[in-house]
>>> print(open('upload_33.txt').read())   # compact mmCIF, N, CA and C atoms
# COMPACT_ATOMS: atom_id res chain seq x y z
N MET A 1 8.96 -32.05 -14.81
CA MET A 1 9.10 -30.82 -15.56
C MET A 1 10.51 -30.80 -16.14
N HIS A 2 10.61 -30.33 -17.34
CA HIS A 2 11.90 -30.28 -18.03
C HIS A 2 12.85 -29.31 -17.32
N HIS A 3 14.13 -29.65 -17.30
CA HIS A 3 15.12 -28.85 -16.58
C HIS A 3 15.22 -27.43 -17.13
N SER A 4 15.07 -27.25 -18.42
CA SER A 4 15.18 -25.90 -19.00
C SER A 4 14.00 -25.01 -18.56
N ILE A 5 12.84 -25.60 -18.38
CA ILE A 5 11.69 -24.82 -17.91
C ILE A 5 11.94 -24.36 -16.47
N THR A 6 12.50 -25.23 -15.66
CA THR A 6 12.83 -24.85 -14.29
C THR A 6 13.83 -23.71 -14.27
N LEU A 7 14.83 -23.76 -15.13
CA LEU A 7 15.82 -22.68 -15.21
C LEU A 7 15.18 -21.36 -15.64
N ILE A 8 14.28 -21.42 -16.59
CA ILE A 8 13.60 -20.21 -17.05
C ILE A 8 12.74 -19.63 -15.92
N LEU A 9 12.04 -20.49 -15.20
CA LEU A 9 11.22 -20.03 -14.09
C LEU A 9 12.08 -19.42 -12.98
N ARG A 10 13.23 -20.03 -12.71
CA ARG A 10 14.12 -19.48 -11.69
C ARG A 10 14.70 -18.13 -12.13
N ALA A 11 15.01 -18.01 -13.40
CA ALA A 11 15.50 -16.72 -13.91
C ALA A 11 14.42 -15.65 -13.77
N ALA A 12 13.18 -16.02 -14.04
CA ALA A 12 12.07 -15.07 -13.88
C ALA A 12 11.89 -14.67 -12.42
N ILE A 13 12.10 -15.61 -11.50
CA ILE A 13 12.00 -15.30 -10.08
C ILE A 13 13.09 -14.32 -9.68
N VAL A 14 14.32 -14.54 -10.17
CA VAL A 14 15.42 -13.62 -9.86
C VAL A 14 15.10 -12.22 -10.36
N VAL A 15 14.60 -12.13 -11.59
CA VAL A 15 14.24 -10.82 -12.15
C VAL A 15 13.14 -10.17 -11.31
N ALA A 16 12.14 -10.93 -10.94
CA ALA A 16 11.04 -10.37 -10.13
C ALA A 16 11.54 -9.92 -8.76
N LEU A 17 12.45 -10.67 -8.16
CA LEU A 17 13.01 -10.26 -6.87
C LEU A 17 13.80 -8.96 -7.00
N LEU A 18 14.58 -8.84 -8.07
CA LEU A 18 15.36 -7.63 -8.28
C LEU A 18 14.47 -6.42 -8.57
N VAL A 19 13.43 -6.62 -9.35
CA VAL A 19 12.48 -5.53 -9.61
C VAL A 19 11.78 -5.11 -8.32
N GLY A 20 11.41 -6.08 -7.50
CA GLY A 20 10.79 -5.77 -6.22
C GLY A 20 11.73 -5.01 -5.30
N LEU A 21 12.99 -5.40 -5.29
CA LEU A 21 13.97 -4.70 -4.47
C LEU A 21 14.15 -3.25 -4.95
N PHE A 22 14.20 -3.06 -6.26
CA PHE A 22 14.29 -1.71 -6.82
C PHE A 22 13.06 -0.90 -6.42
N GLY A 23 11.91 -1.52 -6.46
CA GLY A 23 10.68 -0.84 -6.05
C GLY A 23 10.70 -0.45 -4.59
N GLN A 24 11.21 -1.34 -3.74
CA GLN A 24 11.26 -1.06 -2.31
C GLN A 24 12.23 0.07 -1.98
N ILE A 25 13.33 0.15 -2.71
CA ILE A 25 14.37 1.13 -2.40
C ILE A 25 14.14 2.47 -3.09
N VAL A 26 13.69 2.43 -4.35
CA VAL A 26 13.63 3.65 -5.15
C VAL A 26 12.19 4.11 -5.43
N VAL A 27 11.40 3.24 -5.98
CA VAL A 27 10.10 3.65 -6.52
C VAL A 27 9.11 4.04 -5.42
N ILE A 28 8.89 3.17 -4.46
CA ILE A 28 7.87 3.45 -3.45
C ILE A 28 8.19 4.70 -2.63
N PRO A 29 9.40 4.80 -2.06
CA PRO A 29 9.69 6.02 -1.29
C PRO A 29 9.71 7.27 -2.17
N GLY A 30 10.25 7.16 -3.37
CA GLY A 30 10.31 8.32 -4.26
C GLY A 30 8.95 8.80 -4.71
N ALA A 31 8.09 7.87 -5.04
CA ALA A 31 6.75 8.25 -5.51
C ALA A 31 5.95 8.91 -4.39
N LEU A 32 6.01 8.34 -3.21
CA LEU A 32 5.25 8.91 -2.10
C LEU A 32 5.82 10.26 -1.67
N ALA A 33 7.15 10.40 -1.69
CA ALA A 33 7.75 11.69 -1.35
C ALA A 33 7.38 12.74 -2.39
N GLY A 34 7.33 12.34 -3.66
CA GLY A 34 6.93 13.27 -4.71
C GLY A 34 5.49 13.72 -4.57
N GLU A 35 4.63 12.81 -4.20
CA GLU A 35 3.23 13.18 -3.98
C GLU A 35 3.10 14.14 -2.80
N ALA A 36 3.85 13.87 -1.74
CA ALA A 36 3.79 14.75 -0.58
C ALA A 36 4.31 16.15 -0.90
N ALA A 37 5.27 16.24 -1.81
CA ALA A 37 5.80 17.55 -2.19
C ALA A 37 4.74 18.36 -2.95
N HIS A 38 3.92 17.67 -3.73
CA HIS A 38 2.87 18.35 -4.49
C HIS A 38 1.62 18.61 -3.67
N PHE A 39 1.38 17.77 -2.69
CA PHE A 39 0.18 17.87 -1.86
C PHE A 39 0.58 17.85 -0.39
N PRO A 40 0.92 19.00 0.17
CA PRO A 40 1.41 19.05 1.56
C PRO A 40 0.52 18.39 2.61
N PRO A 41 -0.81 18.36 2.45
CA PRO A 41 -1.60 17.68 3.50
C PRO A 41 -1.27 16.18 3.64
N TYR A 42 -0.69 15.59 2.59
CA TYR A 42 -0.38 14.17 2.63
C TYR A 42 0.97 13.85 3.26
N GLU A 43 1.70 14.86 3.71
CA GLU A 43 3.03 14.62 4.26
C GLU A 43 2.99 13.69 5.47
N ARG A 44 1.95 13.73 6.24
CA ARG A 44 1.90 12.93 7.47
C ARG A 44 1.68 11.44 7.20
N ILE A 45 1.26 11.08 6.01
CA ILE A 45 1.03 9.66 5.72
C ILE A 45 2.12 9.04 4.86
N VAL A 46 3.14 9.82 4.52
CA VAL A 46 4.20 9.30 3.64
C VAL A 46 4.92 8.13 4.30
N VAL A 47 5.35 8.27 5.52
CA VAL A 47 6.12 7.21 6.18
C VAL A 47 5.28 5.95 6.40
N PRO A 48 4.06 6.04 6.94
CA PRO A 48 3.28 4.80 7.12
C PRO A 48 2.97 4.10 5.79
N TYR A 49 2.64 4.87 4.77
CA TYR A 49 2.32 4.24 3.49
C TYR A 49 3.56 3.68 2.82
N THR A 50 4.71 4.31 3.04
CA THR A 50 5.96 3.75 2.52
C THR A 50 6.26 2.41 3.18
N VAL A 51 6.09 2.36 4.48
CA VAL A 51 6.32 1.10 5.21
C VAL A 51 5.35 0.03 4.72
N LEU A 52 4.09 0.37 4.56
CA LEU A 52 3.11 -0.60 4.08
C LEU A 52 3.42 -1.07 2.67
N GLY A 53 3.85 -0.16 1.81
CA GLY A 53 4.21 -0.54 0.45
C GLY A 53 5.41 -1.47 0.42
N VAL A 54 6.42 -1.17 1.21
CA VAL A 54 7.61 -2.02 1.26
C VAL A 54 7.26 -3.39 1.83
N LEU A 55 6.42 -3.43 2.86
CA LEU A 55 6.00 -4.71 3.42
C LEU A 55 5.17 -5.53 2.43
N GLY A 56 4.33 -4.86 1.65
CA GLY A 56 3.56 -5.56 0.64
C GLY A 56 4.44 -6.21 -0.41
N VAL A 57 5.46 -5.50 -0.85
CA VAL A 57 6.40 -6.07 -1.81
C VAL A 57 7.19 -7.20 -1.16
N ALA A 58 7.53 -7.06 0.12
CA ALA A 58 8.24 -8.13 0.83
C ALA A 58 7.40 -9.41 0.91
N CYS A 59 6.10 -9.27 1.00
CA CYS A 59 5.22 -10.45 0.98
C CYS A 59 5.33 -11.18 -0.35
N VAL A 60 5.34 -10.42 -1.42
CA VAL A 60 5.49 -11.03 -2.75
C VAL A 60 6.85 -11.71 -2.86
N GLN A 61 7.88 -11.06 -2.34
CA GLN A 61 9.22 -11.63 -2.39
C GLN A 61 9.31 -12.92 -1.58
N ALA A 62 8.67 -12.97 -0.44
CA ALA A 62 8.66 -14.20 0.36
C ALA A 62 7.99 -15.34 -0.40
N ALA A 63 6.90 -15.03 -1.09
CA ALA A 63 6.23 -16.06 -1.89
C ALA A 63 7.11 -16.51 -3.05
N LEU A 64 7.87 -15.59 -3.63
CA LEU A 64 8.78 -15.96 -4.71
C LEU A 64 9.91 -16.87 -4.22
N VAL A 65 10.45 -16.58 -3.05
CA VAL A 65 11.50 -17.43 -2.48
C VAL A 65 10.94 -18.82 -2.20
N ALA A 66 9.74 -18.89 -1.68
CA ALA A 66 9.11 -20.19 -1.43
C ALA A 66 8.87 -20.94 -2.73
N THR A 67 8.49 -20.22 -3.78
CA THR A 67 8.31 -20.85 -5.09
C THR A 67 9.63 -21.39 -5.61
N TRP A 68 10.71 -20.64 -5.40
CA TRP A 68 12.05 -21.10 -5.78
C TRP A 68 12.35 -22.45 -5.10
N GLN A 69 12.08 -22.51 -3.81
CA GLN A 69 12.32 -23.74 -3.06
C GLN A 69 11.47 -24.90 -3.58
N LEU A 70 10.23 -24.61 -3.90
CA LEU A 70 9.36 -25.67 -4.43
C LEU A 70 9.83 -26.14 -5.80
N LEU A 71 10.37 -25.23 -6.61
CA LEU A 71 10.93 -25.65 -7.90
C LEU A 71 12.11 -26.59 -7.70
N GLY A 72 12.92 -26.32 -6.68
CA GLY A 72 14.03 -27.23 -6.37
C GLY A 72 13.53 -28.59 -5.94
N MET A 73 12.47 -28.62 -5.18
CA MET A 73 11.91 -29.90 -4.74
C MET A 73 11.26 -30.64 -5.90
N LEU A 74 10.75 -29.89 -6.84
CA LEU A 74 10.16 -30.51 -8.02
C LEU A 74 11.21 -31.27 -8.81
N GLY A 75 12.40 -30.71 -8.91
CA GLY A 75 13.48 -31.37 -9.62
C GLY A 75 13.93 -32.66 -8.94
N ARG A 76 13.73 -32.76 -7.65
CA ARG A 76 14.11 -33.97 -6.89
C ARG A 76 12.92 -34.91 -6.70
N ASP A 77 11.81 -34.62 -7.35
CA ASP A 77 10.57 -35.40 -7.19
C ASP A 77 10.14 -35.49 -5.72
N ALA A 78 10.31 -34.39 -5.01
CA ALA A 78 9.96 -34.36 -3.59
C ALA A 78 8.87 -33.32 -3.32
N LEU A 79 8.09 -33.02 -4.35
CA LEU A 79 7.11 -31.95 -4.23
C LEU A 79 6.01 -32.24 -3.21
N PHE A 80 5.71 -33.51 -3.00
CA PHE A 80 4.65 -33.86 -2.06
C PHE A 80 5.19 -34.43 -0.76
N ASP A 81 6.46 -34.21 -0.49
CA ASP A 81 7.03 -34.58 0.81
C ASP A 81 6.53 -33.59 1.86
N PRO A 82 6.54 -33.99 3.12
CA PRO A 82 6.08 -33.07 4.17
C PRO A 82 6.85 -31.75 4.22
N GLY A 83 8.11 -31.77 3.85
CA GLY A 83 8.91 -30.54 3.84
C GLY A 83 8.42 -29.52 2.84
N ALA A 84 7.75 -29.96 1.80
CA ALA A 84 7.23 -29.03 0.79
C ALA A 84 6.08 -28.20 1.34
N PHE A 85 5.35 -28.78 2.26
CA PHE A 85 4.19 -28.06 2.79
C PHE A 85 4.59 -26.85 3.63
N VAL A 86 5.81 -26.84 4.14
CA VAL A 86 6.30 -25.66 4.84
C VAL A 86 6.36 -24.49 3.87
N TRP A 87 6.85 -24.74 2.66
CA TRP A 87 6.96 -23.66 1.66
C TRP A 87 5.59 -23.24 1.15
N VAL A 88 4.67 -24.17 1.08
CA VAL A 88 3.30 -23.81 0.71
C VAL A 88 2.70 -22.93 1.80
N ASP A 89 2.99 -23.27 3.05
CA ASP A 89 2.51 -22.44 4.17
C ASP A 89 3.11 -21.03 4.12
N VAL A 90 4.36 -20.91 3.68
CA VAL A 90 4.98 -19.59 3.54
C VAL A 90 4.23 -18.77 2.50
N ILE A 91 3.88 -19.40 1.39
CA ILE A 91 3.13 -18.70 0.34
C ILE A 91 1.76 -18.26 0.86
N ILE A 92 1.08 -19.16 1.55
CA ILE A 92 -0.23 -18.82 2.11
C ILE A 92 -0.10 -17.71 3.14
N GLY A 93 0.91 -17.80 4.01
CA GLY A 93 1.12 -16.77 5.03
C GLY A 93 1.43 -15.42 4.41
N ALA A 94 2.25 -15.40 3.37
CA ALA A 94 2.57 -14.14 2.70
C ALA A 94 1.32 -13.53 2.08
N GLY A 95 0.49 -14.36 1.50
CA GLY A 95 -0.76 -13.86 0.94
C GLY A 95 -1.70 -13.32 2.01
N LEU A 96 -1.73 -14.00 3.15
CA LEU A 96 -2.57 -13.55 4.26
C LEU A 96 -2.08 -12.21 4.82
N VAL A 97 -0.77 -12.07 5.00
CA VAL A 97 -0.23 -10.82 5.52
C VAL A 97 -0.50 -9.68 4.54
N ALA A 98 -0.29 -9.93 3.24
CA ALA A 98 -0.56 -8.90 2.24
C ALA A 98 -2.04 -8.51 2.24
N THR A 99 -2.91 -9.48 2.42
CA THR A 99 -4.34 -9.20 2.48
C THR A 99 -4.68 -8.35 3.71
N LEU A 100 -4.09 -8.69 4.84
CA LEU A 100 -4.34 -7.91 6.06
C LEU A 100 -3.80 -6.49 5.95
N LEU A 101 -2.64 -6.32 5.32
CA LEU A 101 -2.11 -4.98 5.11
C LEU A 101 -3.06 -4.16 4.24
N THR A 102 -3.53 -4.76 3.17
CA THR A 102 -4.45 -4.08 2.26
C THR A 102 -5.77 -3.77 2.96
N ALA A 103 -6.28 -4.74 3.72
CA ALA A 103 -7.53 -4.51 4.44
C ALA A 103 -7.38 -3.40 5.48
N GLY A 104 -6.22 -3.35 6.12
CA GLY A 104 -5.98 -2.29 7.11
C GLY A 104 -5.97 -0.92 6.47
N VAL A 105 -5.35 -0.80 5.31
CA VAL A 105 -5.34 0.49 4.60
C VAL A 105 -6.76 0.83 4.15
N GLY A 106 -7.47 -0.16 3.64
CA GLY A 106 -8.84 0.09 3.20
C GLY A 106 -9.77 0.46 4.34
N ALA A 107 -9.61 -0.22 5.48
CA ALA A 107 -10.46 0.09 6.63
C ALA A 107 -10.14 1.48 7.17
N ARG A 108 -8.89 1.85 7.13
CA ARG A 108 -8.48 3.18 7.59
C ARG A 108 -9.11 4.24 6.68
N GLY A 109 -9.06 4.00 5.39
CA GLY A 109 -9.64 4.96 4.44
C GLY A 109 -11.14 5.00 4.54
N TRP A 110 -11.76 3.85 4.72
CA TRP A 110 -13.22 3.79 4.78
C TRP A 110 -13.72 4.47 6.06
N GLY A 111 -13.03 4.21 7.18
CA GLY A 111 -13.45 4.77 8.45
C GLY A 111 -13.30 6.29 8.53
N SER A 112 -12.36 6.81 7.74
CA SER A 112 -12.15 8.26 7.80
C SER A 112 -12.86 8.97 6.67
N GLY A 113 -13.64 8.25 5.91
CA GLY A 113 -14.31 8.87 4.77
C GLY A 113 -13.34 9.28 3.68
N TRP A 114 -12.19 8.60 3.64
CA TRP A 114 -11.14 8.85 2.65
C TRP A 114 -10.55 10.25 2.79
N ALA A 115 -10.77 10.87 3.92
CA ALA A 115 -10.19 12.19 4.14
C ALA A 115 -8.79 12.04 4.72
N VAL A 116 -7.99 13.04 4.46
CA VAL A 116 -6.62 12.98 4.96
C VAL A 116 -6.52 13.57 6.31
>>> encode(input="upload_33.txt", output="structure tokens")
Amino acid sequence: MHHSITLILRAAIVVALLVGLFGQIVVIPGALAGEAAHFPPYERIVVPYTVLGVLGVACVQAALVATWQLLGMLGRDALFDPGAFVWVDVIIGAGLVATLLTAGVGARGWGSGWAV
């Protein structure tokens, strides 16, 4: 892969990590707190859903860091070395954790009839 493409991809990863961090600090807590202010019955789920939202974004960030590492290995022609599979496992694990978080929220909503 051409070196300039790798640089562009790494710049995109940095931007995505920064946007995710902004979301974890400002957007997710602010949006859920705003909803709770408008709908008082939802106040009791603000903290758990904030934690789940932040963890979901952290899963994406972990996959982005692993992608960064794989891009570095690509530049050294070491993409299929055994060490690369650790980073692939990180991506798979992050996807699995995000899936379990989503399934847990869905199962909670389904089991309660979507009632608060």
>>> residues_around(input="upload_33.txt", residues="Leu17 (chain A)", least_positions_apart="5", cutoff="10 Å", atoms="only C-alpha atoms", output="number ranges by chain")
A: 11-12, 22-23, 57-58, 60-62, 64-65
>>> atom_distance(input="upload_33.txt", atom1="CA of Gly93 (chain A)", atom2="atom C of Leu74 (chain A)")
22.4 Å
>>> residues_around(input="upload_33.txt", residues="Gly95 (chain A)", least_positions_apart="5", cutoff="9 Å", atoms="only C-alpha atoms", output="NGL selection string")
:A and (59-60 or 63 or 90 or 100)
>>> atom_distance(input="upload_33.txt", atom1="atom N of Gln24 (chain A)", atom2="atom N of Ala94 (chain A)")
18.1 Å
>>> atom_distance(input="upload_33.txt", atom1="CA of Ala107 (chain A)", atom2="CA of Leu55 (chain A)")
17.4 Å
>>> residues_around(input="upload_33.txt", residues="Ile13 (chain A)", least_positions_apart="4", cutoff="8 Å", atoms="only N, CA and C atoms", output="mmCIF file with N, CA and C atoms, in the frame of the given file")
data_model
loop_
_atom_site.group_PDB
_atom_site.id
_atom_site.type_symbol
_atom_site.label_atom_id
_atom_site.label_comp_id
_atom_site.auth_asym_id
_atom_site.auth_seq_id
_atom_site.Cartn_x
_atom_site.Cartn_y
_atom_site.Cartn_z
ATOM 1 N N LEU A 7 14.830 -23.760 -15.130
ATOM 2 C CA LEU A 7 15.820 -22.680 -15.210
ATOM 3 C C LEU A 7 15.180 -21.360 -15.640
ATOM 4 N N ILE A 8 14.280 -21.420 -16.590
ATOM 5 C CA ILE A 8 13.600 -20.210 -17.050
ATOM 6 C C ILE A 8 12.740 -19.630 -15.920
ATOM 7 N N LEU A 9 12.040 -20.490 -15.200
ATOM 8 C CA LEU A 9 11.220 -20.030 -14.090
ATOM 9 C C LEU A 9 12.080 -19.420 -12.980
ATOM 10 N N LEU A 17 12.450 -10.670 -8.160
ATOM 11 C CA LEU A 17 13.010 -10.260 -6.870
ATOM 12 C C LEU A 17 13.800 -8.960 -7.000
ATOM 13 N N LEU A 18 14.580 -8.840 -8.070
ATOM 14 C CA LEU A 18 15.360 -7.630 -8.280
ATOM 15 C C LEU A 18 14.470 -6.420 -8.570
ATOM 16 N N VAL A 19 13.430 -6.620 -9.350
ATOM 17 C CA VAL A 19 12.480 -5.530 -9.610
ATOM 18 C C VAL A 19 11.780 -5.110 -8.320
ATOM 19 N N LEU A 64 7.870 -15.590 -3.630
ATOM 20 C CA LEU A 64 8.780 -15.960 -4.710
ATOM 21 C C LEU A 64 9.910 -16.870 -4.220
ATOM 22 N N VAL A 65 10.450 -16.580 -3.050
ATOM 23 C CA VAL A 65 11.500 -17.430 -2.480
ATOM 24 C C VAL A 65 10.940 -18.820 -2.200
ATOM 25 N N THR A 67 8.490 -20.220 -3.780
ATOM 26 C CA THR A 67 8.310 -20.850 -5.090
ATOM 27 C C THR A 67 9.630 -21.390 -5.610
ATOM 28 N N TRP A 68 10.710 -20.640 -5.400
ATOM 29 C CA TRP A 68 12.050 -21.100 -5.780
ATOM 30 C C TRP A 68 12.350 -22.450 -5.100
#
>>> closest_residue(input="upload_33.txt", among="A:Gly106, A:Gly83, A:Gly72, A:Gly53", to="Pro29 (chain A)", atoms="only C-alpha atoms")
A:Gly53
>>> axis_aligned_box(input="upload_33.txt", around="region 40-59 of chain A", padding_each_side="4 Å", output="lines of an AutoDock Vina configuration file")
center_x = 3.3
center_y = 3.9
center_z = 2.8
size_x = 17.8
size_y = 38.2
size_z = 17.3
>>> closest_residue(input="upload_33.txt", among="A:Ala37, A:Ala78, A:Ile28, A:Val88", to="Tyr49 (chain A)", atoms="all atoms listed in the file")
A:Ile28
>>> select_by_dssp(input="upload_33.txt", residues="region 18-111 of chain A", states="alpha helix (DSSP H)", output="ChimeraX atom specification")
/A:18-22,28-38,46-75,82-111
>>> decode(input="upload_33.txt", residues="region 24-40 of chain A", atoms="N, CA, C and O atoms", output="mmCIF file, in the first residue's frame")
data_model
loop_
_atom_site.group_PDB
_atom_site.id
_atom_site.type_symbol
_atom_site.label_atom_id
_atom_site.label_comp_id
_atom_site.auth_asym_id
_atom_site.auth_seq_id
_atom_site.Cartn_x
_atom_site.Cartn_y
_atom_site.Cartn_z
ATOM 1 N N GLN A 24 -18.058 10.544 23.996
ATOM 2 C CA GLN A 24 -18.068 9.929 25.321
ATOM 3 C C GLN A 24 -18.153 10.967 26.436
ATOM 4 O O GLN A 24 -18.769 10.729 27.465
ATOM 5 N N ILE A 25 -17.525 12.111 26.237
ATOM 6 C CA ILE A 25 -17.456 13.114 27.294
ATOM 7 C C ILE A 25 -18.641 14.072 27.266
ATOM 8 O O ILE A 25 -19.186 14.429 28.305
ATOM 9 N N VAL A 26 -19.069 14.473 26.064
ATOM 10 C CA VAL A 26 -20.062 15.539 25.945
ATOM 11 C C VAL A 26 -21.421 15.033 25.449
ATOM 12 O O VAL A 26 -22.446 15.257 26.084
ATOM 13 N N VAL A 27 -21.424 14.368 24.327
ATOM 14 C CA VAL A 27 -22.679 14.068 23.640
ATOM 15 C C VAL A 27 -23.527 13.039 24.388
ATOM 16 O O VAL A 27 -24.707 13.285 24.666
ATOM 17 N N ILE A 28 -22.957 11.899 24.706
ATOM 18 C CA ILE A 28 -23.753 10.833 25.321
ATOM 19 C C ILE A 28 -24.316 11.253 26.677
ATOM 20 O O ILE A 28 -25.527 11.174 26.888
ATOM 21 N N PRO A 29 -23.477 11.750 27.600
ATOM 22 C CA PRO A 29 -24.055 12.162 28.892
ATOM 23 C C PRO A 29 -25.028 13.332 28.751
ATOM 24 O O PRO A 29 -26.073 13.355 29.404
ATOM 25 N N GLY A 30 -24.706 14.284 27.888
ATOM 26 C CA GLY A 30 -25.582 15.444 27.715
ATOM 27 C C GLY A 30 -26.921 15.089 27.112
ATOM 28 O O GLY A 30 -27.967 15.585 27.553
ATOM 29 N N ALA A 31 -26.904 14.231 26.123
ATOM 30 C CA ALA A 31 -28.157 13.854 25.469
ATOM 31 C C ALA A 31 -29.060 13.070 26.423
ATOM 32 O O ALA A 31 -30.270 13.307 26.489
ATOM 33 N N LEU A 32 -28.475 12.144 27.151
ATOM 34 C CA LEU A 32 -29.292 11.355 28.069
ATOM 35 C C LEU A 32 -29.797 12.195 29.238
ATOM 36 O O LEU A 32 -30.934 12.021 29.687
ATOM 37 N N ALA A 33 -28.974 13.119 29.729
ATOM 38 C CA ALA A 33 -29.432 14.002 30.807
ATOM 39 C C ALA A 33 -30.546 14.916 30.314
ATOM 40 O O ALA A 33 -31.512 15.189 31.037
ATOM 41 N N GLY A 34 -30.441 15.377 29.066
ATOM 42 C CA GLY A 34 -31.491 16.211 28.497
ATOM 43 C C GLY A 34 -32.800 15.464 28.340
ATOM 44 O O GLY A 34 -33.877 16.014 28.607
ATOM 45 N N GLU A 35 -32.720 14.220 27.930
ATOM 46 C CA GLU A 35 -33.934 13.412 27.812
ATOM 47 C C GLU A 35 -34.570 13.184 29.177
ATOM 48 O O GLU A 35 -35.791 13.220 29.312
ATOM 49 N N ALA A 36 -33.737 12.931 30.179
ATOM 50 C CA ALA A 36 -34.270 12.707 31.522
ATOM 51 C C ALA A 36 -34.931 13.970 32.070
ATOM 52 O O ALA A 36 -35.911 13.881 32.813
ATOM 53 N N ALA A 37 -34.429 15.130 31.688
ATOM 54 C CA ALA A 37 -35.033 16.381 32.156
ATOM 55 C C ALA A 37 -36.424 16.573 31.554
ATOM 56 O O ALA A 37 -37.316 17.116 32.198
ATOM 57 N N HIS A 38 -36.600 16.115 30.317
ATOM 58 C CA HIS A 38 -37.895 16.247 29.654
ATOM 59 C C HIS A 38 -38.865 15.135 30.028
ATOM 60 O O HIS A 38 -40.078 15.307 29.964
ATOM 61 N N PHE A 39 -38.323 13.983 30.364
ATOM 62 C CA PHE A 39 -39.143 12.815 30.692
ATOM 63 C C PHE A 39 -38.680 12.237 32.027
ATOM 64 O O PHE A 39 -37.854 11.323 32.058
ATOM 65 N N PRO A 40 -39.196 12.747 33.131
ATOM 66 C CA PRO A 40 -38.736 12.315 34.460
ATOM 67 C C PRO A 40 -38.771 10.809 34.723
ATOM 68 O O PRO A 40 -37.922 10.313 35.462
#
